[in-house]
Amino acid sequence: MIDLPTFTTVEERDRGADVALLPVGSFEQHGPHLPSTTDTVVACTIARGIAAEHPVLLLPPVAISCSHEHEAWPGTVSISAATLYAVVRDVAASLRRSGVPRLVLVNGHGGNHVLGNAVQESGGGMALFPAEADWEDARAAAGLETPAQGDMHAGELETSILLHVRPELVRPGYASADHTADDRRHMPTLGLRAYTESGVVGRPSLASAEKGRAVLAHLTGAFGPHLAALGG
């Protein structure tokens with residue numbers, strides 16, 4: 001379901017990349033209409049778009065991450081923030097030993113807060129993409145109607161992206177799955193179940209494949225400044 005990189009070592013040698021992309025997704029509920037791999041599909045799709053435009057080393061994804069706020073729903077699986085941090089640090093160290101000194105974490109899950117700490121501590125050797133401002137700009141460029149605060153999970157944004165890249169994964173019923181819960185200030189303590197029975201927070205009824213295409217196109221174009229900040 002998720003396309004893995006298929007380049008050979010000779011092809012990677014000839015590419016000579018000094019920046020690698022690590023997609024980081026999750027394995028968590030996305031309501032009744034999107035698969036648990038949604039965040040991984042999103043992260044991999046963004047990374048593939050970047051790799052098509054820049055000479056980077058595309059890595060396979062980290063597909064299980066920090067989804068503890070979703071564990072009230074069947075099928076959600078998490079690892080600890082400490083484990084995710086260790087995986088990222090180990091990958092970065094391995095890349096440096098093989099001649100790739102810089103790493104971009106292409107994050108598809110908002111709950112992976114520890115990735116920001118890993119980048120912060122890297123001394124300029126890592127970047128996190130998309131940044132919050134990149135998402136905001138992409139939402140505006142694509143004409144999304146739901147404000148970001150209200151479009152938290154399985155809403156207009158994520159449903160639009162999957163309608164564009166993997167429409168067969170979007171189950172029927174998303175047009176009637178809207179649920180709003182803008183004030184979620186206690187979510188770290190209570191989990192998401194305190195705010196939604198279905199697991200949806202947002203308005204998937206507003207989603208379209210064209211919005212998903214526009215979001216992804218904007219994000220691909222927004223990567224250049226992040227690469228420049230890494231010295232690429």
# chains A, B, ... in the order shown; residues from 1 in each chain; ligands from 1
call {"tool": "residues_around", "arguments": {"residues": "Ser198 of chain A", "least_positions_apart": "3", "cutoff": "10 Å", "atoms": "only C-alpha atoms", "output": "number ranges by chain"}}
result
A: 29-33, 73, 177-179, 192-193, 195, 201
call {"tool": "write_last_selection", "arguments": {"atoms": "N, CA, C and O atoms", "output": "compact mmCIF listing (two decimals), in the first residue's frame"}}
result
# COMPACT_ATOMS: atom_id res chain seq x y z
N GLN A 29 -6.01 5.28 14.67
CA GLN A 29 -7.35 5.44 14.13
C GLN A 29 -7.50 6.78 13.42
O GLN A 29 -6.96 7.79 13.86
N HIS A 30 -8.23 6.77 12.34
CA HIS A 30 -8.60 7.99 11.63
C HIS A 30 -10.09 7.96 11.31
O HIS A 30 -10.52 8.19 10.16
N GLY A 31 -10.88 7.67 12.36
CA GLY A 31 -12.31 7.64 12.18
C GLY A 31 -12.75 6.45 11.33
O GLY A 31 -11.95 5.57 11.01
N PRO A 32 -14.02 6.42 10.94
CA PRO A 32 -14.54 5.28 10.18
C PRO A 32 -14.23 5.32 8.70
O PRO A 32 -14.51 4.34 7.99
N HIS A 33 -13.63 6.41 8.20
CA HIS A 33 -13.49 6.54 6.74
C HIS A 33 -12.05 6.58 6.24
O HIS A 33 -11.84 6.50 5.02
N TRP A 73 -9.21 3.76 20.77
CA TRP A 73 -9.82 3.12 19.60
C TRP A 73 -9.03 1.89 19.19
O TRP A 73 -7.79 1.88 19.24
N ALA A 177 -19.47 12.66 8.14
CA ALA A 177 -18.68 12.33 9.32
C ALA A 177 -18.17 13.55 10.08
O ALA A 177 -17.36 13.42 11.00
N ASP A 178 -18.66 14.74 9.74
CA ASP A 178 -18.14 15.95 10.38
C ASP A 178 -18.36 15.94 11.89
O ASP A 178 -19.41 15.52 12.39
N HIS A 179 -17.35 16.43 12.59
CA HIS A 179 -17.46 16.61 14.04
C HIS A 179 -16.51 17.73 14.45
O HIS A 179 -15.33 17.70 14.09
N LEU A 192 -7.96 11.89 23.05
CA LEU A 192 -8.90 12.44 22.08
C LEU A 192 -10.33 11.97 22.32
O LEU A 192 -11.28 12.66 21.95
N ARG A 193 -10.50 10.83 22.95
CA ARG A 193 -11.84 10.27 23.15
C ARG A 193 -12.74 11.20 23.96
O ARG A 193 -13.97 11.13 23.86
N TYR A 195 -13.19 14.13 23.37
CA TYR A 195 -13.70 15.17 22.48
C TYR A 195 -14.43 14.64 21.26
O TYR A 195 -15.04 15.43 20.53
N VAL A 201 -12.14 14.81 14.13
CA VAL A 201 -12.27 16.20 14.53
C VAL A 201 -12.00 17.04 13.29
O VAL A 201 -10.85 17.19 12.87
call {"tool": "residues_around", "arguments": {"residues": "segment 163-167 of chain A", "least_positions_apart": "5", "cutoff": "6 Å", "atoms": "only C-alpha atoms", "output": "PyMOL selection string"}}
result
chain A and resi 209+212-213
call {"tool": "write_last_selection", "arguments": {"atoms": "N, CA and C atoms", "output": "CSV table (one decimal), in the first residue's frame"}}
result
chain,number,residue,atom,x,y,z
A,209,ALA,N,-10.4,15.8,-4.0
A,209,ALA,CA,-9.1,15.4,-4.5
A,209,ALA,C,-8.3,16.6,-5.0
A,212,GLY,N,-6.6,18.2,-2.2
A,212,GLY,CA,-5.4,17.4,-1.9
A,212,GLY,C,-4.2,17.6,-2.8
A,213,ARG,N,-4.5,17.7,-4.1
A,213,ARG,CA,-3.5,17.9,-5.1
A,213,ARG,C,-2.8,19.2,-4.9
call {"tool": "closest_residue", "arguments": {"among": "A:Leu169, A:Leu190, A:Ala228, A:Glu145", "to": "Ala207 of chain A", "atoms": "only C-alpha atoms"}}
result
A:Glu145
call {"tool": "closest_residue", "arguments": {"among": "A:Leu128, A:Ala175, A:Met187, A:Val88", "to": "Glu156 of chain A", "atoms": "only C-alpha atoms"}}
result
A:Ala175
call {"tool": "residues_around", "arguments": {"residues": "Gly110 of chain A", "least_positions_apart": "2", "cutoff": "10 Å", "atoms": "only C-alpha atoms", "output": "ChimeraX atom specification"}}
result
/A:25-26,39,66-67,107-108,112-113,132,152-153
call {"tool": "write_last_selection", "arguments": {"atoms": "C-alpha atoms", "output": "PDB file, in the first residue's frame"}}
result
ATOM      1  CA  GLY A  25       3.865   8.585  10.055  1.00  0.00           C
ATOM      2  CA  SER A  26       1.769   6.745  12.614  1.00  0.00           C
ATOM      3  CA  ASP A  39      -0.304   9.723   8.429  1.00  0.00           C
ATOM      4  CA  CYS A  66       3.564   8.559  19.301  1.00  0.00           C
ATOM      5  CA  SER A  67      -0.205   8.031  19.086  1.00  0.00           C
ATOM      6  CA  ASN A 107       6.427  14.326   9.646  1.00  0.00           C
ATOM      7  CA  GLY A 108       2.832  13.319   8.983  1.00  0.00           C
ATOM      8  CA  ASN A 112       5.243  13.478  17.243  1.00  0.00           C
ATOM      9  CA  HIS A 113       6.351  16.463  19.306  1.00  0.00           C
ATOM     10  CA  GLU A 132       3.407  24.674  10.890  1.00  0.00           C
ATOM     11  CA  MET A 152      -7.317  18.242  13.668  1.00  0.00           C
ATOM     12  CA  HIS A 153      -7.963  14.648  12.615  1.00  0.00           C
TER      13      HIS A 153
END
call {"tool": "decode", "arguments": {"residues": "segment 194-208 of chain A", "atoms": "all heavy atoms", "output": "compact mmCIF listing (two decimals), in the first residue's frame"}}
result
# COMPACT_ATOMS: atom_id res chain seq x y z
N ALA A 194 -12.13 12.07 24.74
CA ALA A 194 -12.92 13.03 25.52
C ALA A 194 -13.61 14.06 24.63
O ALA A 194 -14.52 14.76 25.08
CB ALA A 194 -12.02 13.74 26.53
N TYR A 195 -13.19 14.13 23.37
CA TYR A 195 -13.70 15.17 22.48
C TYR A 195 -14.43 14.64 21.26
O TYR A 195 -15.04 15.43 20.53
CB TYR A 195 -12.53 16.06 22.03
CG TYR A 195 -11.82 16.70 23.19
CD1 TYR A 195 -10.66 16.14 23.72
CD2 TYR A 195 -12.34 17.85 23.79
CE1 TYR A 195 -10.02 16.71 24.80
CE2 TYR A 195 -11.71 18.42 24.88
CZ TYR A 195 -10.55 17.86 25.39
OH TYR A 195 -9.93 18.43 26.48
N THR A 196 -14.35 13.34 21.01
CA THR A 196 -15.03 12.78 19.83
C THR A 196 -15.26 11.29 20.03
O THR A 196 -14.37 10.57 20.47
CB THR A 196 -14.21 13.01 18.55
OG1 THR A 196 -14.79 12.27 17.47
CG2 THR A 196 -12.76 12.59 18.71
N GLU A 197 -16.46 10.85 19.71
CA GLU A 197 -16.77 9.42 19.77
C GLU A 197 -16.27 8.69 18.52
O GLU A 197 -15.83 7.54 18.59
CB GLU A 197 -18.28 9.21 19.91
CG GLU A 197 -18.84 9.56 21.27
CD GLU A 197 -18.33 8.63 22.36
OE1 GLU A 197 -18.23 7.40 22.10
OE2 GLU A 197 -18.00 9.12 23.45
N SER A 198 -16.31 9.36 17.39
CA SER A 198 -15.96 8.71 16.12
C SER A 198 -14.46 8.69 15.86
O SER A 198 -13.98 7.89 15.06
CB SER A 198 -16.65 9.44 14.96
OG SER A 198 -16.11 10.74 14.80
N GLY A 199 -13.73 9.59 16.52
CA GLY A 199 -12.32 9.76 16.23
C GLY A 199 -12.04 10.88 15.25
O GLY A 199 -10.89 11.22 15.00
N VAL A 200 -13.09 11.46 14.68
CA VAL A 200 -12.95 12.56 13.72
C VAL A 200 -13.04 13.90 14.46
O VAL A 200 -13.91 14.09 15.30
CB VAL A 200 -14.06 12.50 12.65
CG1 VAL A 200 -13.99 13.70 11.71
CG2 VAL A 200 -13.96 11.19 11.86
N VAL A 201 -12.14 14.81 14.13
CA VAL A 201 -12.27 16.20 14.53
C VAL A 201 -12.00 17.04 13.29
O VAL A 201 -10.85 17.19 12.87
CB VAL A 201 -11.30 16.60 15.66
CG1 VAL A 201 -11.42 18.09 15.96
CG2 VAL A 201 -11.58 15.79 16.92
N GLY A 202 -13.06 17.54 12.69
CA GLY A 202 -12.93 18.30 11.46
C GLY A 202 -14.14 18.09 10.57
O GLY A 202 -15.15 17.52 11.00
N ARG A 203 -14.02 18.54 9.33
CA ARG A 203 -15.14 18.48 8.39
C ARG A 203 -14.70 17.79 7.09
O ARG A 203 -14.46 18.44 6.07
CB ARG A 203 -15.67 19.88 8.11
CG ARG A 203 -16.28 20.55 9.35
CD ARG A 203 -17.02 21.82 9.00
NE ARG A 203 -16.09 22.87 8.61
CZ ARG A 203 -16.47 24.04 8.07
NH1 ARG A 203 -17.76 24.27 7.83
NH2 ARG A 203 -15.57 24.96 7.77
N PRO A 204 -14.64 16.47 7.13
CA PRO A 204 -14.28 15.75 5.90
C PRO A 204 -15.28 15.95 4.77
O PRO A 204 -14.93 15.70 3.60
CB PRO A 204 -14.22 14.29 6.36
CG PRO A 204 -15.06 14.22 7.59
CD PRO A 204 -14.87 15.55 8.26
N SER A 205 -16.48 16.40 5.07
CA SER A 205 -17.46 16.63 4.01
C SER A 205 -16.99 17.68 3.02
O SER A 205 -17.47 17.72 1.87
CB SER A 205 -18.80 17.09 4.62
OG SER A 205 -18.66 18.36 5.24
N LEU A 206 -16.04 18.53 3.41
CA LEU A 206 -15.53 19.58 2.54
C LEU A 206 -14.35 19.12 1.70
O LEU A 206 -13.82 19.90 0.89
CB LEU A 206 -15.12 20.79 3.38
CG LEU A 206 -16.22 21.46 4.20
CD1 LEU A 206 -15.64 22.58 5.06
CD2 LEU A 206 -17.31 22.02 3.29
N ALA A 207 -13.93 17.88 1.87
CA ALA A 207 -12.73 17.39 1.19
C ALA A 207 -12.95 17.18 -0.30
O ALA A 207 -14.06 16.88 -0.74
CB ALA A 207 -12.28 16.09 1.83
N SER A 208 -11.86 17.32 -1.06
CA SER A 208 -11.89 17.00 -2.47
C SER A 208 -10.49 16.60 -2.93
O SER A 208 -9.48 17.02 -2.34
CB SER A 208 -12.37 18.19 -3.31
OG SER A 208 -11.38 19.20 -3.36
